[in-house]
file coords.pdb (PDB, C-alpha atoms)
ATOM      1  CA  MET O   1      77.937   9.464   9.221
ATOM      2  CA  SER O   2      75.808   6.308   9.178
ATOM      3  CA  ARG O   3      73.788   5.427   6.119
ATOM      4  CA  PRO O   4      70.059   4.677   6.391
ATOM      5  CA  ALA O   5      69.261   0.984   6.353
ATOM      6  CA  ALA O   6      68.394  -0.380   2.935
ATOM      7  CA  PRO O   7      64.753  -1.429   2.583
ATOM      8  CA  ARG O   8      64.285  -5.171   2.910
ATOM      9  CA  PRO O   9      63.368  -7.073  -0.263
ATOM     10  CA  GLY O  10      59.630  -7.090  -0.825
ATOM     11  CA  ALA O  11      58.896  -4.653   2.020
ATOM     12  CA  GLU O  12      55.218  -3.697   2.345
ATOM     13  CA  GLY O  13      53.929  -0.331   1.216
ATOM     14  CA  ASP O  14      52.690  -1.007  -2.330
ATOM     15  CA  PRO O  15      49.265  -2.682  -2.029
ATOM     16  CA  ALA O  16      48.929  -3.215  -5.788
ATOM     17  CA  ALA O  17      52.269  -5.028  -5.955
ATOM     18  CA  GLU O  18      51.361  -7.036  -2.863
ATOM     19  CA  TYR O  19      48.038  -8.109  -4.368
ATOM     20  CA  ARG O  20      49.742  -9.159  -7.623
ATOM     21  CA  ALA O  21      52.439 -11.032  -5.698
ATOM     22  CA  ALA O  22      49.804 -13.135  -3.936
ATOM     23  CA  HIS O  23      48.331 -14.219  -7.266
ATOM     24  CA  GLU O  24      51.644 -14.671  -9.043
ATOM     25  CA  ASN O  25      53.964 -15.758  -6.239
ATOM     26  CA  ALA O  26      53.449 -15.434  -2.469
ATOM     27  CA  ILE O  27      53.082 -12.929   0.351
ATOM     28  CA  VAL O  28      53.894 -12.945   4.055
ATOM     29  CA  ALA O  29      51.856 -10.902   6.518
ATOM     30  CA  ASP O  30      52.155 -10.085  10.203
ATOM     31  CA  LEU O  31      48.704 -10.993  11.552
ATOM     32  CA  VAL O  32      49.261  -8.940  14.663
ATOM     33  CA  GLY O  33      45.629  -8.968  15.818
ATOM     34  CA  ARG O  34      45.156 -12.740  15.825
ATOM     35  CA  GLY O  35      44.775 -14.320  19.263
ATOM     36  CA  ARG O  36      46.710 -17.367  20.449
ATOM     37  CA  LEU O  37      45.523 -19.555  23.326
ATOM     38  CA  GLY O  38      47.367 -22.571  24.672
ATOM     39  CA  ILE O  39      44.750 -24.958  26.110
ATOM     40  CA  SER O  40      45.909 -27.915  28.197
ATOM     41  CA  GLY O  41      44.803 -30.250  30.972
ATOM     42  CA  ALA O  42      43.260 -33.705  31.232
ATOM     43  CA  ASP O  43      39.793 -32.413  30.355
ATOM     44  CA  ALA O  44      40.795 -29.950  27.621
ATOM     45  CA  ALA O  45      39.719 -32.087  24.658
ATOM     46  CA  ASP O  46      36.383 -32.960  26.242
ATOM     47  CA  LEU O  47      35.560 -29.364  27.204
ATOM     48  CA  MET O  48      36.470 -27.949  23.770
ATOM     49  CA  HIS O  49      34.337 -30.688  22.221
ATOM     50  CA  ARG O  50      31.362 -29.620  24.369
ATOM     51  CA  LEU O  51      31.811 -25.908  23.728
ATOM     52  CA  THR O  52      32.284 -25.804  19.953
ATOM     53  CA  THR O  53      30.553 -26.880  16.752
ATOM     54  CA  ASN O  54      33.184 -29.328  15.503
ATOM     55  CA  SER O  55      34.456 -32.695  16.703
ATOM     56  CA  ILE O  56      37.545 -31.806  18.745
ATOM     57  CA  ARG O  57      37.831 -34.843  21.007
ATOM     58  CA  ASP O  58      39.005 -37.142  18.190
ATOM     59  CA  LEU O  59      41.805 -34.867  16.923
ATOM     60  CA  GLN O  60      45.192 -36.566  16.874
ATOM     61  CA  PRO O  61      48.574 -34.808  17.339
ATOM     62  CA  GLY O  62      49.372 -32.867  14.182
ATOM     63  CA  GLU O  63      45.726 -32.550  13.152
ATOM     64  CA  GLY O  64      43.603 -29.423  13.189
ATOM     65  CA  LYS O  65      40.057 -28.251  12.595
ATOM     66  CA  PRO O  66      38.081 -25.020  12.392
ATOM     67  CA  ALA O  67      35.299 -24.654  14.936
ATOM     68  CA  VAL O  68      32.807 -22.052  16.083
ATOM     69  CA  PHE O  69      32.207 -20.963  19.649
ATOM     70  CA  ALA O  70      28.475 -20.269  19.638
ATOM     71  CA  THR O  71      25.950 -18.807  22.036
ATOM     72  CA  PRO O  72      23.061 -20.956  23.343
ATOM     73  CA  LYS O  73      21.007 -19.385  20.527
ATOM     74  CA  GLY O  74      23.479 -20.663  17.930
ATOM     75  CA  ARG O  75      24.994 -17.245  17.169
ATOM     76  CA  ILE O  76      28.703 -16.781  16.415
ATOM     77  CA  ILE O  77      31.146 -15.741  19.130
ATOM     78  CA  ASP O  78      34.211 -16.558  17.027
ATOM     79  CA  LEU O  79      35.560 -18.863  14.344
ATOM     80  CA  VAL O  80      38.770 -20.442  15.684
ATOM     81  CA  LEU O  81      41.352 -22.977  14.573
ATOM     82  CA  PHE O  82      42.322 -25.848  16.870
ATOM     83  CA  HIS O  83      45.633 -27.648  16.365
ATOM     84  CA  ARG O  84      46.439 -30.567  18.626
ATOM     85  CA  PHE O  85      49.874 -31.420  19.958
ATOM     86  CA  GLU O  86      50.914 -34.030  22.512
ATOM     87  CA  ALA O  87      50.441 -31.854  25.596
ATOM     88  CA  GLU O  88      48.031 -29.127  24.454
ATOM     89  CA  PHE O  89      45.841 -27.488  21.860
ATOM     90  CA  LEU O  90      46.888 -24.319  20.092
ATOM     91  CA  CYS O  91      43.734 -22.282  19.515
ATOM     92  CA  THR O  92      44.108 -19.414  17.047
ATOM     93  CA  THR O  93      41.274 -16.911  17.387
ATOM     94  CA  GLY O  94      40.010 -14.160  15.142
ATOM     95  CA  GLU O  95      41.481 -10.681  15.277
ATOM     96  CA  GLY O  96      40.879  -9.121  18.686
ATOM     97  CA  ARG O  97      38.874 -12.103  19.952
ATOM     98  CA  ALA O  98      41.293 -13.842  22.341
ATOM     99  CA  ASP O  99      39.789 -12.276  25.479
ATOM    100  CA  ALA O 100      36.233 -13.098  24.424
ATOM    101  CA  VAL O 101      37.082 -16.736  23.669
ATOM    102  CA  ALA O 102      39.115 -17.188  26.869
ATOM    103  CA  SER O 103      36.293 -15.666  28.926
ATOM    104  CA  TRP O 104      33.734 -17.941  27.251
ATOM    105  CA  ILE O 105      35.830 -21.017  28.079
ATOM    106  CA  ASP O 106      36.224 -19.829  31.672
ATOM    107  CA  ARG O 107      32.459 -19.326  31.938
ATOM    108  CA  TYR O 108      31.881 -23.041  31.265
ATOM    109  CA  THR O 109      34.862 -24.391  33.223
ATOM    110  CA  PHE O 110      33.740 -25.720  36.599
ATOM    111  CA  ARG O 111      35.661 -28.675  38.023
ATOM    112  CA  ASP O 112      37.329 -29.457  34.698
ATOM    113  CA  ASP O 113      41.112 -29.872  34.580
ATOM    114  CA  VAL O 114      41.596 -27.204  31.912
ATOM    115  CA  ARG O 115      44.189 -24.433  31.728
ATOM    116  CA  VAL O 116      44.050 -21.579  29.224
ATOM    117  CA  GLU O 117      47.184 -19.518  28.580
ATOM    118  CA  ASP O 118      46.754 -16.365  26.515
ATOM    119  CA  ARG O 119      49.863 -16.058  24.337
ATOM    120  CA  SER O 120      48.595 -13.165  22.246
ATOM    121  CA  ALA O 121      51.225 -10.790  23.650
ATOM    122  CA  THR O 122      54.134 -13.223  23.836
ATOM    123  CA  HIS O 123      53.736 -14.803  20.386
ATOM    124  CA  ARG O 124      53.026 -13.654  16.847
ATOM    125  CA  THR O 125      51.177 -15.247  13.934
ATOM    126  CA  ILE O 126      52.541 -14.820  10.410
ATOM    127  CA  GLY O 127      50.380 -15.617   7.395
ATOM    128  CA  ILE O 128      51.870 -17.101   4.219
ATOM    129  CA  TYR O 129      49.494 -16.874   1.256
ATOM    130  CA  GLY O 130      49.467 -17.119  -2.521
ATOM    131  CA  THR O 131      49.979 -19.475  -5.418
ATOM    132  CA  LYS O 132      53.497 -20.404  -4.276
ATOM    133  CA  ALA O 133      52.884 -20.294  -0.509
ATOM    134  CA  ALA O 134      53.788 -23.979  -0.186
ATOM    135  CA  ASP O 135      57.325 -23.174  -1.408
ATOM    136  CA  LEU O 136      57.834 -20.847   1.551
ATOM    137  CA  ALA O 137      56.164 -23.250   3.966
ATOM    138  CA  SER O 138      58.447 -26.078   2.858
ATOM    139  CA  SER O 139      61.439 -23.946   3.862
ATOM    140  CA  LEU O 140      60.194 -24.306   7.431
ATOM    141  CA  CYS O 141      58.875 -27.885   7.170
ATOM    142  CA  PRO O 142      60.027 -29.804   4.055
ATOM    143  CA  SER O 143      57.019 -32.126   4.279
ATOM    144  CA  ALA O 144      54.703 -29.177   3.523
ATOM    145  CA  ALA O 145      55.776 -29.402  -0.118
ATOM    146  CA  SER O 146      54.078 -32.799  -0.461
ATOM    147  CA  GLY O 147      50.644 -31.348   0.256
ATOM    148  CA  TRP O 148      49.341 -31.451   3.798
ATOM    149  CA  ASN O 149      45.754 -32.197   4.716
ATOM    150  CA  ALA O 150      43.638 -29.186   5.593
ATOM    151  CA  HIS O 151      44.718 -27.648   8.932
ATOM    152  CA  HIS O 152      47.593 -30.083   9.443
ATOM    153  CA  ALA O 153      50.219 -28.635  11.814
ATOM    154  CA  GLU O 154      53.830 -29.386  12.754
ATOM    155  CA  ARG O 155      56.446 -27.858  15.003
ATOM    156  CA  PHE O 156      59.649 -26.663  13.301
ATOM    157  CA  ASP O 157      63.109 -25.341  14.075
ATOM    158  CA  TRP O 158      64.416 -23.332  11.120
ATOM    159  CA  GLU O 159      67.718 -21.507  11.354
ATOM    160  CA  GLY O 160      67.275 -21.109  15.099
ATOM    161  CA  ILE O 161      63.641 -19.979  14.878
ATOM    162  CA  GLU O 162      61.220 -22.386  16.536
ATOM    163  CA  GLY O 163      57.490 -22.356  15.991
ATOM    164  CA  VAL O 164      54.377 -24.035  14.652
ATOM    165  CA  LEU O 165      53.433 -24.223  10.977
ATOM    166  CA  ALA O 166      49.816 -25.031  10.061
ATOM    167  CA  ARG O 167      47.963 -25.201   6.787
ATOM    168  CA  THR O 168      44.949 -22.888   6.863
ATOM    169  CA  PHE O 169      42.183 -21.296   4.813
ATOM    170  CA  PRO O 170      43.649 -20.160   1.479
ATOM    171  CA  LEU O 171      43.974 -16.676   0.077
ATOM    172  CA  ALA O 172      44.891 -16.434  -3.622
ATOM    173  CA  GLY O 173      45.492 -20.165  -3.858
ATOM    174  CA  GLU O 174      47.004 -21.447  -0.614
ATOM    175  CA  GLY O 175      47.484 -20.498   3.012
ATOM    176  CA  PHE O 176      49.677 -21.293   6.041
ATOM    177  CA  LEU O 177      49.916 -19.844   9.543
ATOM    178  CA  VAL O 178      53.220 -19.628  11.414
ATOM    179  CA  THR O 179      53.221 -19.036  15.180
ATOM    180  CA  VAL O 180      56.503 -17.970  16.778
ATOM    181  CA  ILE O 181      57.786 -16.041  19.772
ATOM    182  CA  ALA O 182      56.882 -12.392  19.135
ATOM    183  CA  ALA O 183      60.498 -11.192  18.960
ATOM    184  CA  ARG O 184      61.213 -13.744  16.197
ATOM    185  CA  GLY O 185      58.391 -12.595  13.929
ATOM    186  CA  PRO O 186      60.237  -9.804  12.067
ATOM    187  CA  MET O 187      63.299 -12.051  11.669
ATOM    188  CA  LEU O 188      61.178 -14.822  10.178
ATOM    189  CA  ILE O 189      59.548 -12.448   7.684
ATOM    190  CA  ASP O 190      62.909 -10.959   6.637
ATOM    191  CA  ARG O 191      64.472 -14.369   6.074
ATOM    192  CA  LEU O 192      61.539 -15.656   4.031
ATOM    193  CA  LEU O 193      61.679 -12.547   1.838
ATOM    194  CA  GLU O 194      65.432 -12.958   1.353
ATOM    195  CA  ARG O 195      65.193 -16.665   0.501
ATOM    196  CA  HIS O 196      62.260 -16.357  -1.897
ATOM    197  CA  PRO O 197      62.643 -13.587  -4.504
ATOM    198  CA  GLY O 198      59.332 -12.286  -5.772
ATOM    199  CA  THR O 199      57.650 -12.737  -2.396
ATOM    200  CA  ARG O 200      56.380  -9.564  -0.759
ATOM    201  CA  ALA O 201      55.365  -8.516   2.728
ATOM    202  CA  ALA O 202      51.680  -7.575   2.624
ATOM    203  CA  GLY O 203      49.915  -4.856   4.569
ATOM    204  CA  PRO O 204      46.264  -4.478   5.647
ATOM    205  CA  GLU O 205      44.959  -3.034   2.367
ATOM    206  CA  ALA O 206      46.082  -5.937   0.184
ATOM    207  CA  LEU O 207      45.111  -8.500   2.842
ATOM    208  CA  GLU O 208      41.595  -7.104   3.117
ATOM    209  CA  ALA O 209      41.051  -7.323  -0.639
ATOM    210  CA  LEU O 210      42.370 -10.879  -0.700
ATOM    211  CA  ARG O 211      40.165 -11.856   2.264
ATOM    212  CA  ILE O 212      37.020 -10.497   0.649
ATOM    213  CA  GLU O 213      37.955 -12.065  -2.685
ATOM    214  CA  ALA O 214      38.319 -15.459  -0.955
ATOM    215  CA  GLY O 215      34.992 -15.053   0.868
ATOM    216  CA  MET O 216      36.587 -15.375   4.315
ATOM    217  CA  PRO O 217      34.400 -13.917   7.098
ATOM    218  CA  ALA O 218      36.031 -11.649   9.690
ATOM    219  CA  PRO O 219      35.183 -10.812  13.315
ATOM    220  CA  GLY O 220      33.088  -7.702  13.719
ATOM    221  CA  ARG O 221      32.054  -7.871  10.079
ATOM    222  CA  GLU O 222      30.646 -11.254   9.030
ATOM    223  CA  LEU O 223      31.279 -13.023  12.339
ATOM    224  CA  SER O 224      29.129 -11.744  15.186
ATOM    225  CA  GLU O 225      26.151 -12.661  17.319
ATOM    226  CA  ASP O 226      23.923 -11.342  14.519
ATOM    227  CA  TYR O 227      24.619 -14.481  12.467
ATOM    228  CA  ASN O 228      24.858 -18.268  12.751
ATOM    229  CA  PRO O 229      27.432 -20.652  11.203
ATOM    230  CA  TRP O 230      25.145 -21.762   8.351
ATOM    231  CA  GLU O 231      24.505 -18.181   7.251
ATOM    232  CA  ALA O 232      28.263 -17.483   7.299
ATOM    233  CA  GLY O 233      29.018 -20.497   5.083
ATOM    234  CA  LEU O 234      30.933 -22.342   7.811
ATOM    235  CA  ALA O 235      29.668 -25.867   7.149
ATOM    236  CA  GLU O 236      33.199 -27.270   7.390
ATOM    237  CA  ALA O 237      33.356 -26.042  10.998
ATOM    238  CA  VAL O 238      30.186 -27.910  12.029
ATOM    239  CA  ASP O 239      29.940 -31.647  12.786
ATOM    240  CA  LEU O 240      26.305 -32.737  12.588
ATOM    241  CA  ASN O 241      27.086 -36.172  14.041
ATOM    242  CA  LYS O 242      28.716 -35.136  17.322
ATOM    243  CA  GLY O 243      26.946 -34.942  20.647
ATOM    244  CA  CYS O 244      25.648 -31.934  22.501
ATOM    245  CA  TYR O 245      27.487 -28.616  22.597
ATOM    246  CA  VAL O 246      26.528 -25.039  23.372
ATOM    247  CA  GLY O 247      24.127 -23.892  20.648
ATOM    248  CA  GLN O 248      23.750 -27.381  19.165
ATOM    249  CA  GLU O 249      19.967 -27.593  19.343
ATOM    250  CA  VAL O 250      19.421 -24.387  17.377
ATOM    251  CA  ILE O 251      22.188 -25.049  14.843
ATOM    252  CA  ALA O 252      20.954 -28.588  14.175
ATOM    253  CA  ARG O 253      17.328 -27.465  13.853
ATOM    254  CA  LEU O 254      18.243 -24.762  11.322
ATOM    255  CA  ASN O 255      19.872 -27.419   9.157
ATOM    256  CA  THR O 256      17.247 -30.142   9.617
ATOM    257  CA  TYR O 257      14.287 -27.927   8.801
ATOM    258  CA  ASP O 258      16.078 -25.771   6.203
ATOM    259  CA  LYS O 259      15.444 -22.618   8.207
ATOM    260  CA  VAL O 260      18.509 -20.644   7.082
ATOM    261  CA  SER O 261      16.991 -17.369   5.906
ATOM    262  CA  LYS O 262      20.070 -15.505   4.681
ATOM    263  CA  ASN O 263      23.441 -16.352   3.145
ATOM    264  CA  LEU O 264      26.838 -14.702   2.948
ATOM    265  CA  VAL O 265      27.694 -13.881  -0.677
ATOM    266  CA  ARG O 266      30.515 -12.319  -2.690
ATOM    267  CA  LEU O 267      29.636  -9.098  -4.464
ATOM    268  CA  LYS O 268      30.933  -7.123  -7.432
ATOM    269  CA  ILE O 269      30.142  -3.447  -6.772
ATOM    270  CA  ALA O 270      30.045  -0.622  -9.302
ATOM    271  CA  GLY O 271      32.603   2.150  -8.712
ATOM    272  CA  PRO O 272      34.153   4.488  -8.218
ATOM    273  CA  ASP O 273      33.542   4.869  -4.472
ATOM    274  CA  THR O 274      33.731   2.060  -1.917
ATOM    275  CA  PRO O 275      30.493   1.967   0.099
ATOM    276  CA  PRO O 276      30.724   1.631   3.889
ATOM    277  CA  SER O 277      30.050  -1.634   5.693
ATOM    278  CA  GLY O 278      26.599  -1.704   7.220
ATOM    279  CA  SER O 279      24.966  -0.293   4.084
ATOM    280  CA  ALA O 280      21.643  -1.868   3.161
ATOM    281  CA  LEU O 281      21.422  -4.198   0.152
ATOM    282  CA  GLU O 282      18.220  -3.720  -1.811
ATOM    283  CA  VAL O 283      16.186  -5.431  -4.530
ATOM    284  CA  ASP O 284      13.295  -3.482  -6.090
ATOM    285  CA  GLU O 285      13.836  -0.765  -3.450
ATOM    286  CA  ARG O 286      13.229  -3.287  -0.658
ATOM    287  CA  ARG O 287      15.947  -4.240   1.787
ATOM    288  CA  THR O 288      17.206  -7.783   1.294
ATOM    289  CA  GLY O 289      20.428  -7.751   3.295
ATOM    290  CA  THR O 290      23.485  -5.947   4.618
ATOM    291  CA  LEU O 291      26.881  -5.158   3.144
ATOM    292  CA  THR O 292      29.407  -6.348   5.738
ATOM    293  CA  SER O 293      32.724  -5.668   3.945
ATOM    294  CA  ALA O 294      33.870  -3.822   0.832
ATOM    295  CA  ALA O 295      37.242  -2.895  -0.642
ATOM    296  CA  ALA O 296      38.789  -1.571  -3.819
ATOM    297  CA  VAL O 297      41.109  -4.141  -5.366
ATOM    298  CA  PRO O 298      44.584  -2.526  -5.254
ATOM    299  CA  GLY O 299      45.828  -1.566  -8.701
ATOM    300  CA  GLU O 300      42.586  -2.542 -10.411
ATOM    301  CA  ASP O 301      39.449  -0.626 -11.293
ATOM    302  CA  ARG O 302      36.960  -2.755  -9.373
ATOM    303  CA  ILE O 303      35.314  -2.967  -5.966
ATOM    304  CA  ILE O 304      34.411  -6.233  -4.249
ATOM    305  CA  GLY O 305      32.394  -6.965  -1.161
ATOM    306  CA  LEU O 306      30.748  -9.466   1.147
ATOM    307  CA  GLY O 307      27.223  -9.268   2.433
ATOM    308  CA  TYR O 308      24.340 -11.207   3.894
ATOM    309  CA  VAL O 309      21.388 -11.525   1.520
ATOM    310  CA  GLN O 310      17.961 -13.069   2.027
ATOM    311  CA  ASP O 311      17.830 -16.635   0.746
ATOM    312  CA  GLU O 312      15.402 -15.919  -2.122
ATOM    313  CA  HIS O 313      17.826 -13.366  -3.601
ATOM    314  CA  ALA O 314      21.176 -15.077  -2.845
ATOM    315  CA  GLU O 315      21.749 -16.429  -6.352
ATOM    316  CA  GLY O 316      24.836 -15.921  -8.483
ATOM    317  CA  GLY O 317      24.207 -13.217 -11.090
ATOM    318  CA  MET O 318      21.480 -11.521  -9.037
ATOM    319  CA  LYS O 319      21.419  -7.741  -9.520
ATOM    320  CA  LEU O 320      20.877  -5.535  -6.494
ATOM    321  CA  TYR O 321      21.774  -2.136  -5.071
ATOM    322  CA  VAL O 322      23.878  -0.870  -2.206
ATOM    323  CA  ALA O 323      22.120   1.968  -0.377
ATOM    324  CA  ALA O 324      25.253   4.087   0.189
ATOM    325  CA  PRO O 325      25.220   7.591   1.771
ATOM    326  CA  GLY O 326      25.809   9.214  -1.629
ATOM    327  CA  GLY O 327      23.089   7.258  -3.426
ATOM    328  CA  ARG O 328      22.293   3.750  -4.628
ATOM    329  CA  ILE O 329      25.161   1.786  -6.202
ATOM    330  CA  GLY O 330      24.668  -1.182  -8.490
ATOM    331  CA  ALA O 331      26.030  -4.575  -7.431
ATOM    332  CA  THR O 332      25.995  -8.164  -8.660
ATOM    333  CA  ILE O 333      26.182 -11.358  -6.610
ATOM    334  CA  GLU O 334      29.148 -13.389  -7.855
ATOM    335  CA  GLY O 335      28.315 -16.454  -5.780
ATOM    336  CA  PRO O 336      28.304 -17.835  -2.239
ATOM    337  CA  ALA O 337      31.129 -16.638  -0.029
ATOM    338  CA  ARG O 338      32.352 -20.164   0.610
TER     339      ARG O 338
END

call {"tool": "encode", "arguments": {"input": "coords.pdb", "output": "structure tokens"}}
result
Amino acid sequence: MSRPAAPRPGAEGDPAAEYRAAHENAIVADLVGRGRLGISGADAADLMHRLTTNSIRDLQPGEGKPAVFATPKGRIIDLVLFHRFEAEFLCTTGEGRADAVASWIDRYTFRDDVRVEDRSATHRTIGIYGTKAADLASSLCPSAASGWNAHHAERFDWEGIEGVLARTFPLAGEGFLVTVIAARGPMLIDRLLERHPGTRAAGPEALEALRIEAGMPAPGRELSEDYNPWEAGLAEAVDLNKGCYVGQEVIARLNTYDKVSKNLVRLKIAGPDTPPSGSALEVDERRTGTLTSAAAVPGEDRIIGLGYVQDEHAEGGMKLYVAAPGGRIGATIEGPAR
């Protein structure tokens, strides 16, 4: 009679332990919903430069940048990461946004020599986060231990697993993204857990708390056509000195004339119940914004959130209320999201 397989070290299933591991050690997470587009062709750099908010044309192999695909009205379609290699760009999209981004690129591709390959089904993205994330990353690429520039990326071949390692937005201290063939994803996670005691695999509950804590906007929550990059705190994804791109006139005018009317902020929310996203945020019984995300911190008696608040109220320490279905809940602005 066969014995059941022993659970792998650090297997997910304990959100409180996963949250603590991120702050004390490191976590690995299967970011199954992230999209992956391979973009190539002689005109790829020029077209991506003309379609997004950041300067893509001057990226060199191994370099990366965040950028926003925006509508002509300057509203957010998606926040993506571009990493340049010799023959192509790897574009990592937000969760569930690969089709929308690919369709947007196709909409503006006329006679350009540009090819877009959707690798969302064939590949997998693994996140490595936490205070000791660089230790795990350096297992794959030793040079990661020396401190890469933001969004630097390199190809690796580690114990027969080939992929791309890129530094990314941090959660609980540091962050890296690993892109590999889909079938290799579970193997990569298992080996990292085996080689690095104290590391844990993290599930959605812990990841969501860490995301909100870090002030990272997410598609369908903080990132949508209801908002623009300035409101979402995405200044690092916008190059004010580049030429024209879709949405550029509106985005530049908002900055030049200081017309940003709302800001994404981090919130501390009174318990015990977590209010739903979409709840109104109020000051003196008047609506001042919208709660876009909220989560209970696993293992701790506190609730955190993200929300858009009118500029005149978006100050750290500001007291407001969440108009939840069961009644008004007190909240405090901890500061800007990013």

call {"tool": "residues_around", "arguments": {"input": "coords.pdb", "residues": "Glu213 of chain O", "least_positions_apart": "5", "cutoff": "10 Å", "atoms": "all atoms listed in the file", "output": "ChimeraX atom specification"}}
result
/O:171-172,207-208,266-268,294-295,297,304-306,337

call {"tool": "closest_residue", "arguments": {"input": "coords.pdb", "among": "O:Val309, O:Glu18, O:Lys242, O:Ala232", "to": "Arg57 of chain O", "atoms": "only C-alpha atoms"}}
result
O:Lys242

call {"tool": "residues_around", "arguments": {"input": "coords.pdb", "residues": "Ser146 of chain O", "least_positions_apart": "4", "cutoff": "12 Å", "atoms": "only C-alpha atoms", "output": "list in words"}}
result
Ala134, Asp135, Ala137, Ser138, Cys141 and Pro142 of chain O

call {"tool": "resolve_selection", "arguments": {"input": "coords.pdb", "expression": "the PyMOL selection byres ((chain O and resi 96) around 7)", "output": "NGL selection string"}}
result
:O and (33-35 or 94-95 or 97-98)

call {"tool": "closest_residue", "arguments": {"input": "coords.pdb", "among": "O:Ser139, O:Leu79, O:Arg124, O:Glu159", "to": "Ile181 of chain O", "atoms": "all atoms listed in the file"}}
result
O:Arg124

call {"tool": "closest_residue", "arguments": {"input": "coords.pdb", "among": "O:Ala16, O:Val116, O:Val180, O:Leu291", "to": "Ile39 of chain O", "atoms": "all atoms listed in the file"}}
result
O:Val116

call {"tool": "atom_distance", "arguments": {"input": "coords.pdb", "atom1": "atom CA of Arg287 of chain O", "atom2": "atom CA of Glu312 of chain O"}}
result
12.3 Å

call {"tool": "resolve_selection", "arguments": {"input": "coords.pdb", "expression": "the PyMOL selection byres ((chain O and resi 61-64) around 6)", "output": "list in words"}}
result
Leu59, Gln60, Lys65, Phe82, His83, Arg84, Phe85, Glu86, His151, His152, Ala153 and Glu154 of chain O

call {"tool": "closest_residue", "arguments": {"input": "coords.pdb", "among": "O:Leu140, O:Arg191, O:Thr92, O:Gly316", "to": "Ser120 of chain O", "atoms": "all atoms listed in the file"}}
result
O:Thr92

call {"tool": "closest_residue", "arguments": {"input": "coords.pdb", "among": "O:Phe89, O:Ala44, O:Lys132, O:Thr168", "to": "Arg111 of chain O", "atoms": "all atoms listed in the file"}}
result
O:Ala44

call {"tool": "resolve_selection", "arguments": {"input": "coords.pdb", "expression": "the PyMOL selection byres ((chain O and resi 15) around 10)", "output": "MDAnalysis selection string"}}
result
chainID O and resid 12:14 16:21 200:207 209 297:299

call {"tool": "write_last_selection", "arguments": {"input": "coords.pdb", "atoms": "C-alpha atoms", "output": "short mmCIF file (atom, residue, chain, number, x, y, z; two decimals), in the frame of the given file"}}
result
data_model
loop_
_atom_site.label_atom_id
_atom_site.label_comp_id
_atom_site.auth_asym_id
_atom_site.auth_seq_id
_atom_site.Cartn_x
_atom_site.Cartn_y
_atom_site.Cartn_z
CA GLU O 12 55.22 -3.70 2.35
CA GLY O 13 53.93 -0.33 1.22
CA ASP O 14 52.69 -1.01 -2.33
CA ALA O 16 48.93 -3.22 -5.79
CA ALA O 17 52.27 -5.03 -5.96
CA GLU O 18 51.36 -7.04 -2.86
CA TYR O 19 48.04 -8.11 -4.37
CA ARG O 20 49.74 -9.16 -7.62
CA ALA O 21 52.44 -11.03 -5.70
CA ARG O 200 56.38 -9.56 -0.76
CA ALA O 201 55.36 -8.52 2.73
CA ALA O 202 51.68 -7.58 2.62
CA GLY O 203 49.92 -4.86 4.57
CA PRO O 204 46.26 -4.48 5.65
CA GLU O 205 44.96 -3.03 2.37
CA ALA O 206 46.08 -5.94 0.18
CA LEU O 207 45.11 -8.50 2.84
CA ALA O 209 41.05 -7.32 -0.64
CA VAL O 297 41.11 -4.14 -5.37
CA PRO O 298 44.58 -2.53 -5.25
CA GLY O 299 45.83 -1.57 -8.70
#

call {"tool": "residues_around", "arguments": {"input": "coords.pdb", "residues": "segment 175-179 of chain O", "least_positions_apart": "2", "cutoff": "10 Å", "atoms": "all atoms listed in the file", "output": "ChimeraX atom specification"}}
result
/O:26-31,36,90,92,123-134,136-137,140,144,150-156,162-173,181-182,184-185,188

call {"tool": "closest_residue", "arguments": {"input": "coords.pdb", "among": "O:Asn149, O:Phe110, O:Ile329, O:Ile56", "to": "Gly243 of chain O", "atoms": "all atoms listed in the file"}}
result
O:Ile56

call {"tool": "atom_distance", "arguments": {"input": "coords.pdb", "atom1": "atom CA of Asn255 of chain O", "atom2": "atom CA of Trp230 of chain O"}}
result
7.8 Å

call {"tool": "atom_distance", "arguments": {"input": "coords.pdb", "atom1": "atom CA of Thr274 of chain O", "atom2": "atom CA of Arg302 of chain O"}}
result
9.4 Å

call {"tool": "residues_around", "arguments": {"input": "coords.pdb", "residues": "Ala280 of chain O", "least_positions_apart": "2", "cutoff": "7 Å", "atoms": "only C-alpha atoms", "output": "list in words"}}
result
Gly278, Glu282, Arg287, Gly289, Thr290, Leu291, Val322 and Ala323 of chain O

call {"tool": "residues_around", "arguments": {"input": "coords.pdb", "residues": "Asp301 of chain O", "least_positions_apart": "6", "cutoff": "10 Å", "atoms": "all atoms listed in the file", "output": "number ranges by chain"}}
result
O: 270-272
